[in-house]
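K.L.:
What follows is the file structure-v7.pdb, containing PDB, C-alpha atoms, pLDDT in the B column:
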```pdb
ATOM      1  CA  MET A  23      20.871  -0.018 -17.224  1.00 29.00           C
ATOM      2  CA  ILE A  24      17.509   0.355 -15.468  1.00 29.00           C
ATOM      3  CA  MET A  25      16.246   2.836 -18.070  1.00 30.00           C
ATOM      4  CA  GLN A  26      17.254   0.435 -20.869  1.00 33.00           C
ATOM      5  CA  PHE A  27      15.242  -2.323 -19.188  1.00 28.00           C
ATOM      6  CA  LEU A  28      12.212  -0.057 -18.715  1.00 29.00           C
ATOM      7  CA  ASN A  29      12.372   1.247 -22.283  1.00 34.00           C
ATOM      8  CA  LYS A  30      12.675  -2.292 -23.644  1.00 38.00           C
ATOM      9  CA  ASN A  31       9.972  -3.855 -21.450  1.00 35.00           C
ATOM     10  CA  GLY A  32       7.509  -0.984 -21.161  1.00 35.00           C
ATOM     11  CA  PRO A  33       5.781   0.338 -18.056  1.00 35.00           C
ATOM     12  CA  HIS A  34       4.527  -1.824 -15.231  1.00 35.00           C
ATOM     13  CA  SER A  35       1.280  -3.306 -16.481  1.00 35.00           C
ATOM     14  CA  LYS A  36      -0.721  -4.412 -13.420  1.00 38.00           C
ATOM     15  CA  GLY A  37      -2.489  -1.787 -11.371  1.00 39.00           C
ATOM     16  CA  ASP A  38      -0.422   1.075 -12.692  1.00 39.00           C
ATOM     17  CA  SER A  39      -2.885   3.890 -12.509  1.00 37.00           C
ATOM     18  CA  GLN A  40      -5.733   4.774 -10.271  1.00 36.00           C
ATOM     19  CA  VAL A  41      -7.491   8.064 -10.774  1.00 34.00           C
ATOM     20  CA  PRO A  42      -8.097   9.659  -7.364  1.00 34.00           C
ATOM     21  CA  GLY A  43     -11.610   9.195  -6.127  1.00 34.00           C
ATOM     22  CA  THR A  44     -12.616   6.656  -8.807  1.00 32.00           C
ATOM     23  CA  TYR A  45     -12.521   3.361  -6.964  1.00 33.00           C
ATOM     24  CA  ASP A  46     -14.463   0.552  -8.610  1.00 38.00           C
ATOM     25  CA  SER A  47     -16.016  -0.787  -5.428  1.00 38.00           C
ATOM     26  CA  GLN A  48     -15.319  -1.599  -1.823  1.00 37.00           C
ATOM     27  CA  PRO A  49     -12.905  -4.573  -1.868  1.00 39.00           C
ATOM     28  CA  ASP A  50     -14.380  -7.840  -0.654  1.00 45.00           C
ATOM     29  CA  PHE A  51     -11.582  -9.488   1.274  1.00 43.00           C
ATOM     30  CA  SER A  52     -13.876 -12.434   2.131  1.00 39.00           C
ATOM     31  CA  GLU A  53     -13.389 -13.836  -1.379  1.00 41.00           C
ATOM     32  CA  MET A  54      -9.619 -13.914  -0.950  1.00 39.00           C
ATOM     33  CA  GLU A  55      -7.616 -16.831   0.396  1.00 39.00           C
ATOM     34  CA  ALA A  56      -7.409 -16.304   4.139  1.00 36.00           C
ATOM     35  CA  VAL A  57      -3.850 -17.581   4.569  1.00 37.00           C
ATOM     36  CA  LEU A  58      -0.908 -18.158   2.282  1.00 38.00           C
ATOM     37  CA  PRO A  59       0.505 -21.467   3.547  1.00 40.00           C
ATOM     38  CA  THR A  60       4.295 -21.446   3.641  1.00 40.00           C
ATOM     39  CA  GLN A  61       4.533 -24.382   1.232  1.00 42.00           C
ATOM     40  CA  ALA A  62       2.333 -22.545  -1.295  1.00 45.00           C
ATOM     41  CA  VAL A  63       4.484 -19.409  -1.372  1.00 43.00           C
ATOM     42  CA  GLY A  64       7.042 -20.980  -3.720  1.00 47.00           C
ATOM     43  CA  ALA A  65       4.368 -22.181  -6.127  1.00 49.00           C
ATOM     44  CA  LEU A  66       2.676 -18.784  -6.115  1.00 46.00           C
ATOM     45  CA  TRP A  67       5.964 -16.927  -6.533  1.00 46.00           C
ATOM     46  CA  TRP A  68       7.018 -18.987  -9.526  1.00 44.00           C
ATOM     47  CA  GLY A  69       3.794 -18.460 -11.446  1.00 51.00           C
ATOM     48  CA  GLN A  70       1.984 -21.727 -10.849  1.00 52.00           C
ATOM     49  CA  GLY A  71      -1.440 -20.319 -10.162  1.00 52.00           C
ATOM     50  CA  GLY A  72      -2.892 -18.235 -12.971  1.00 55.00           C
ATOM     51  CA  ASP A  73      -2.317 -14.813 -14.486  1.00 62.00           C
ATOM     52  CA  GLU A  74      -2.498 -12.826 -11.257  1.00 72.00           C
ATOM     53  CA  GLN A  75      -1.190 -14.508  -8.143  1.00 89.00           C
ATOM     54  CA  ILE A  76      -3.355 -14.508  -5.010  1.00 92.00           C
ATOM     55  CA  TRP A  77      -0.886 -12.280  -3.171  1.00 91.00           C
ATOM     56  CA  GLU A  78      -1.125  -9.709  -5.968  1.00 94.00           C
ATOM     57  CA  GLN A  79      -4.929  -9.781  -5.709  1.00 94.00           C
ATOM     58  CA  ILE A  80      -4.858  -9.404  -1.940  1.00 95.00           C
ATOM     59  CA  GLY A  81      -2.191  -6.688  -2.077  1.00 96.00           C
ATOM     60  CA  SER A  82      -3.967  -4.693  -4.798  1.00 96.00           C
ATOM     61  CA  SER A  83      -7.333  -4.910  -3.030  1.00 95.00           C
ATOM     62  CA  PHE A  84      -5.778  -3.896   0.270  1.00 96.00           C
ATOM     63  CA  ILE A  85      -4.025  -0.895  -1.306  1.00 97.00           C
ATOM     64  CA  GLN A  86      -7.216   0.240  -3.045  1.00 96.00           C
ATOM     65  CA  HIS A  87      -9.096  -0.036   0.253  1.00 96.00           C
ATOM     66  CA  TYR A  88      -6.347   1.781   2.210  1.00 97.00           C
ATOM     67  CA  TYR A  89      -6.213   4.825  -0.085  1.00 97.00           C
ATOM     68  CA  GLN A  90     -10.000   4.994  -0.341  1.00 96.00           C
ATOM     69  CA  LEU A  91     -10.163   5.224   3.463  1.00 96.00           C
ATOM     70  CA  PHE A  92      -7.234   7.654   3.618  1.00 97.00           C
ATOM     71  CA  ASP A  93      -8.742   9.976   1.001  1.00 97.00           C
ATOM     72  CA  ASN A  94     -12.264   9.924   2.449  1.00 96.00           C
ATOM     73  CA  ASP A  95     -12.008   9.443   6.231  1.00 95.00           C
ATOM     74  CA  ARG A  96      -8.586   8.838   7.789  1.00 94.00           C
ATOM     75  CA  THR A  97     -10.158   8.125  11.183  1.00 93.00           C
ATOM     76  CA  GLN A  98     -11.437   4.817   9.750  1.00 95.00           C
ATOM     77  CA  LEU A  99      -7.887   3.545   9.101  1.00 95.00           C
ATOM     78  CA  GLY A 100      -7.765   2.013  12.570  1.00 94.00           C
ATOM     79  CA  ALA A 101      -9.615  -0.983  11.155  1.00 94.00           C
ATOM     80  CA  ILE A 102      -6.541  -2.106   9.186  1.00 96.00           C
ATOM     81  CA  TYR A 103      -3.946  -1.778  11.960  1.00 97.00           C
ATOM     82  CA  ILE A 104      -3.414  -3.791  15.149  1.00 97.00           C
ATOM     83  CA  ASP A 105      -1.916  -2.804  18.494  1.00 96.00           C
ATOM     84  CA  ALA A 106       1.477  -4.208  17.449  1.00 97.00           C
ATOM     85  CA  SER A 107       1.535  -2.273  14.121  1.00 98.00           C
ATOM     86  CA  CYS A 108       4.348   0.177  13.390  1.00 98.00           C
ATOM     87  CA  LEU A 109       4.264   3.295  11.211  1.00 98.00           C
ATOM     88  CA  THR A 110       7.244   5.335  10.057  1.00 98.00           C
ATOM     89  CA  TRP A 111       5.958   8.624   8.617  1.00 97.00           C
ATOM     90  CA  GLU A 112       8.683  10.844   7.169  1.00 95.00           C
ATOM     91  CA  GLY A 113      11.161   9.397   9.677  1.00 95.00           C
ATOM     92  CA  GLN A 114       8.875   9.663  12.738  1.00 97.00           C
ATOM     93  CA  GLN A 115       7.972   6.342  14.314  1.00 98.00           C
ATOM     94  CA  PHE A 116       4.628   5.376  15.850  1.00 98.00           C
ATOM     95  CA  GLN A 117       3.562   2.066  17.347  1.00 98.00           C
ATOM     96  CA  GLY A 118       0.060   0.777  17.986  1.00 97.00           C
ATOM     97  CA  LYS A 119      -3.291   1.329  16.353  1.00 97.00           C
ATOM     98  CA  ALA A 120      -4.212   4.356  18.495  1.00 97.00           C
ATOM     99  CA  ALA A 121      -0.905   6.182  17.924  1.00 98.00           C
ATOM    100  CA  ILE A 122      -1.018   5.510  14.182  1.00 98.00           C
ATOM    101  CA  VAL A 123      -4.610   6.705  13.764  1.00 97.00           C
ATOM    102  CA  GLU A 124      -3.856   9.778  15.881  1.00 97.00           C
ATOM    103  CA  LYS A 125      -0.877  10.641  13.633  1.00 97.00           C
ATOM    104  CA  LEU A 126      -2.743  10.078  10.364  1.00 97.00           C
ATOM    105  CA  SER A 127      -5.838  11.943  11.581  1.00 95.00           C
ATOM    106  CA  SER A 128      -3.782  14.937  12.714  1.00 95.00           C
ATOM    107  CA  LEU A 129      -1.961  15.515   9.417  1.00 95.00           C
ATOM    108  CA  PRO A 130      -2.251  19.216   8.512  1.00 93.00           C
ATOM    109  CA  PHE A 131      -4.603  19.045   5.535  1.00 94.00           C
ATOM    110  CA  GLN A 132      -8.338  18.771   5.086  1.00 93.00           C
ATOM    111  CA  LYS A 133      -8.544  17.202   1.642  1.00 96.00           C
ATOM    112  CA  ILE A 134      -6.240  14.714  -0.068  1.00 96.00           C
ATOM    113  CA  GLN A 135      -6.262  12.615  -3.218  1.00 97.00           C
ATOM    114  CA  HIS A 136      -3.829   9.808  -4.009  1.00 97.00           C
ATOM    115  CA  SER A 137      -3.028   8.555  -7.498  1.00 97.00           C
ATOM    116  CA  ILE A 138      -1.209   5.212  -7.603  1.00 97.00           C
ATOM    117  CA  THR A 139       1.240   4.988 -10.504  1.00 97.00           C
ATOM    118  CA  ALA A 140       2.818   1.623  -9.623  1.00 97.00           C
ATOM    119  CA  GLN A 141       2.410  -1.093  -7.048  1.00 97.00           C
ATOM    120  CA  ASP A 142       4.386  -4.257  -6.478  1.00 97.00           C
ATOM    121  CA  HIS A 143       3.527  -7.125  -4.150  1.00 97.00           C
ATOM    122  CA  GLN A 144       5.593 -10.085  -2.942  1.00 96.00           C
ATOM    123  CA  PRO A 145       4.797 -13.035  -0.702  1.00 96.00           C
ATOM    124  CA  THR A 146       7.141 -13.508   2.249  1.00 94.00           C
ATOM    125  CA  PRO A 147       8.339 -16.814   3.720  1.00 92.00           C
ATOM    126  CA  GLU A 148       6.117 -16.081   6.757  1.00 91.00           C
ATOM    127  CA  SER A 149       2.948 -16.015   4.586  1.00 92.00           C
ATOM    128  CA  CYS A 150       2.762 -12.218   4.687  1.00 96.00           C
ATOM    129  CA  ILE A 151       2.593  -9.822   1.747  1.00 97.00           C
ATOM    130  CA  LEU A 152       5.084  -7.015   1.174  1.00 98.00           C
ATOM    131  CA  SER A 153       3.657  -4.151  -0.908  1.00 98.00           C
ATOM    132  CA  MET A 154       5.519  -1.177  -2.372  1.00 98.00           C
ATOM    133  CA  ILE A 155       3.552   1.786  -3.710  1.00 98.00           C
ATOM    134  CA  VAL A 156       4.691   4.703  -5.858  1.00 98.00           C
ATOM    135  CA  GLY A 157       2.297   7.513  -6.600  1.00 97.00           C
ATOM    136  CA  GLN A 158       1.341  11.137  -6.436  1.00 97.00           C
ATOM    137  CA  LEU A 159      -0.798  12.996  -3.954  1.00 97.00           C
ATOM    138  CA  LYS A 160      -2.521  16.350  -3.839  1.00 96.00           C
ATOM    139  CA  ALA A 161      -3.304  17.820  -0.428  1.00 95.00           C
ATOM    140  CA  ASP A 162      -5.580  20.868  -0.201  1.00 95.00           C
ATOM    141  CA  GLU A 163      -4.161  23.528  -2.536  1.00 94.00           C
ATOM    142  CA  ASP A 164      -0.556  22.301  -2.379  1.00 94.00           C
ATOM    143  CA  PRO A 165       1.209  21.264  -5.587  1.00 94.00           C
ATOM    144  CA  ILE A 166       1.122  17.606  -6.585  1.00 95.00           C
ATOM    145  CA  MET A 167       3.899  15.629  -4.872  1.00 95.00           C
ATOM    146  CA  GLY A 168       5.304  12.168  -5.406  1.00 96.00           C
ATOM    147  CA  PHE A 169       5.356   9.611  -2.613  1.00 97.00           C
ATOM    148  CA  HIS A 170       6.553   6.105  -1.778  1.00 97.00           C
ATOM    149  CA  GLN A 171       4.884   3.798   0.714  1.00 98.00           C
ATOM    150  CA  MET A 172       5.538   0.230   1.836  1.00 98.00           C
ATOM    151  CA  PHE A 173       3.207  -2.090   3.712  1.00 98.00           C
ATOM    152  CA  LEU A 174       3.689  -5.468   5.338  1.00 98.00           C
ATOM    153  CA  LEU A 175       0.345  -7.258   5.395  1.00 98.00           C
ATOM    154  CA  LYS A 176      -0.395 -10.236   7.630  1.00 97.00           C
ATOM    155  CA  ASN A 177      -3.412 -12.474   7.929  1.00 94.00           C
ATOM    156  CA  ILE A 178      -4.612 -12.565  11.539  1.00 93.00           C
ATOM    157  CA  ASN A 179      -7.866 -14.344  12.384  1.00 90.00           C
ATOM    158  CA  ASP A 180      -8.902 -14.457   8.707  1.00 89.00           C
ATOM    159  CA  ALA A 181      -8.402 -10.705   8.212  1.00 91.00           C
ATOM    160  CA  TRP A 182      -5.550  -8.978   6.401  1.00 94.00           C
ATOM    161  CA  VAL A 183      -4.020  -6.244   8.550  1.00 96.00           C
ATOM    162  CA  CYS A 184      -1.083  -3.900   8.185  1.00 98.00           C
ATOM    163  CA  THR A 185       1.683  -4.712  10.652  1.00 98.00           C
ATOM    164  CA  ASN A 186       4.251  -2.300   9.181  1.00 98.00           C
ATOM    165  CA  ASP A 187       3.792   0.893   7.171  1.00 98.00           C
ATOM    166  CA  MET A 188       6.523   3.261   5.918  1.00 98.00           C
ATOM    167  CA  PHE A 189       5.790   6.523   4.086  1.00 98.00           C
ATOM    168  CA  ARG A 190       8.025   9.154   2.457  1.00 96.00           C
ATOM    169  CA  LEU A 191       7.321  12.042   0.134  1.00 95.00           C
ATOM    170  CA  ALA A 192       9.513  11.851  -2.952  1.00 93.00           C
ATOM    171  CA  LEU A 193      11.316  15.110  -2.223  1.00 84.00           C
ATOM    172  CA  HIS A 194      14.968  15.586  -3.010  1.00 73.00           C
ATOM    173  CA  ASN A 195      17.277  17.743  -0.982  1.00 67.00           C
ATOM    174  CA  PHE A 196      20.699  17.763  -2.591  1.00 60.00           C
ATOM    175  CA  GLY A 197      21.971  20.703  -0.513  1.00 57.00           C
TER     176      GLY A 197
END
```
Rewrite the structure from the file as C-alpha cells, please.

P.N.:
Amino acid sequence: MIMQFLNKNGPHSKGDSQVPGTYDSQPDFSEMEAVLPTQAVGALWWGQGGDEQIWEQIGSSFIQHYYQLFDNDRTQLGAIYIDASCLTWEGQQFQGKAAIVEKLSSLPFQKIQHSITAQDHQPTPESCILSMIVGQLKADEDPIMGFHQMFLLKNINDAWVCTNDMFRLALHNFG
C-alpha cells in the first residue's frame, strides 16, 4: 500500500537532498516568524499561507543549520539546546545542554558528513515544530549508514531551540 502511494505520487519534493558539505548559507532565523500563535497553526496546517508554510521554512532552516554545525564543529551545538533539552541517542538518554554537548562531542569519530534524503515538519498545538529527518551519514572511513532523527523545536525568547532530539542509525538486527 505505501509503495503504491509512493510510486504513484513520486518522491518527497521539498528539501529531499542535501549534498554533505554544500550548504547554501548560514540560515538567518531573524527573518522567520518568531512565534507560531496557536490560532494560526490550523491556518498554516491547512495550506492557507503560500507554497511553503512558515513551519516548513523554520524546520528546514533549523535542520540545515544543525547538520552544518554537527559536520563541522559539534562543540558548537550547545547553542541550539537549553538546560531542559532531552536527547535520546541510540537508546541512551541525556538531559541538559551540557550533557548533550558532552555526548555529541565525545562520539568516536573525527570526521562526519550527513546527507539528508527527506525531511518532514509539522506544527504542534503548542506552537512548536516537530521535524523528522531521514538520511545517510559517513563517519571517518566507515561505510555509509542510514539514520533517522526527530527534533521538537520551540521558540523561546525569539529563538528556535531544540527541546527534544531522538537519533537512531537505520540498522536492522533480525536475529

K.L.:
Calculated over all atoms listed in the file, which of the candidates A:Ser149, A:Gln98, A:Glu78, A:Ser137 has the smallest distance to Ile178 in chain A?

P.N.:
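Looking only at the distances to Ile178 in chain A, the closest residue turns out to be A:Ser149.
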
K.L.:
Separation of CA of Ser83 in chain A and CA of Ala161 in chain A, in Å?

P.N.:
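Separating CA of Ser83 in chain A from CA of Ala161 in chain A is a distance of 23.2 Å.
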
K.L.:
Let me know the residues the PyMOL selection byres ((chain A and resi 104) around 9) catches in the file above, as a ChimeraX atom specification.

P.N.:
/A:100-103,105-108,118-120,183-185

K.L.:
With only C-alpha atoms as the basis for distance, which of A:Ala140, A:Leu126, A:Ala181, A:Ile155 is at the shortest distance from Ile80 in chain A?

P.N.:
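The closest residue to Ile80 in chain A is A:Ala181.
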
K.L.:
Which residue out of A:Lys133, A:Pro145, A:Gln86, A:Asn94 has the minimum interatomic distance to Asp164 in chain A when only C-alpha atoms are used?

P.N.:
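Of A:Lys133, A:Pro145, A:Gln86, A:Asn94, the one nearest Asp164 in chain A, counting only C-alpha atoms, is A:Lys133.
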
K.L.:
Find, counting all atoms listed in the file, the residue in A:Trp111, A:Gln75, A:Phe116, A:Ile134 that gets nearest to Pro165 in chain A.

P.N.:
A:Ile134

K.L.:
Would you compute the distance between CA of Thr97 in chain A and CA of Glu124 in chain A? Give it in Å to one decimal.

P.N.:
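So the answer is 8.0 Å.
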
K.L.:
Ranking A:Gln79, A:Leu99, A:Gly113, A:Ile138 by minimum distance to Phe189 in chain A and counting all atoms listed in the file, which one comes first?

P.N.:
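When distances to Phe189 in chain A are compared using all atoms listed in the file, the smallest one comes from A:Gly113.
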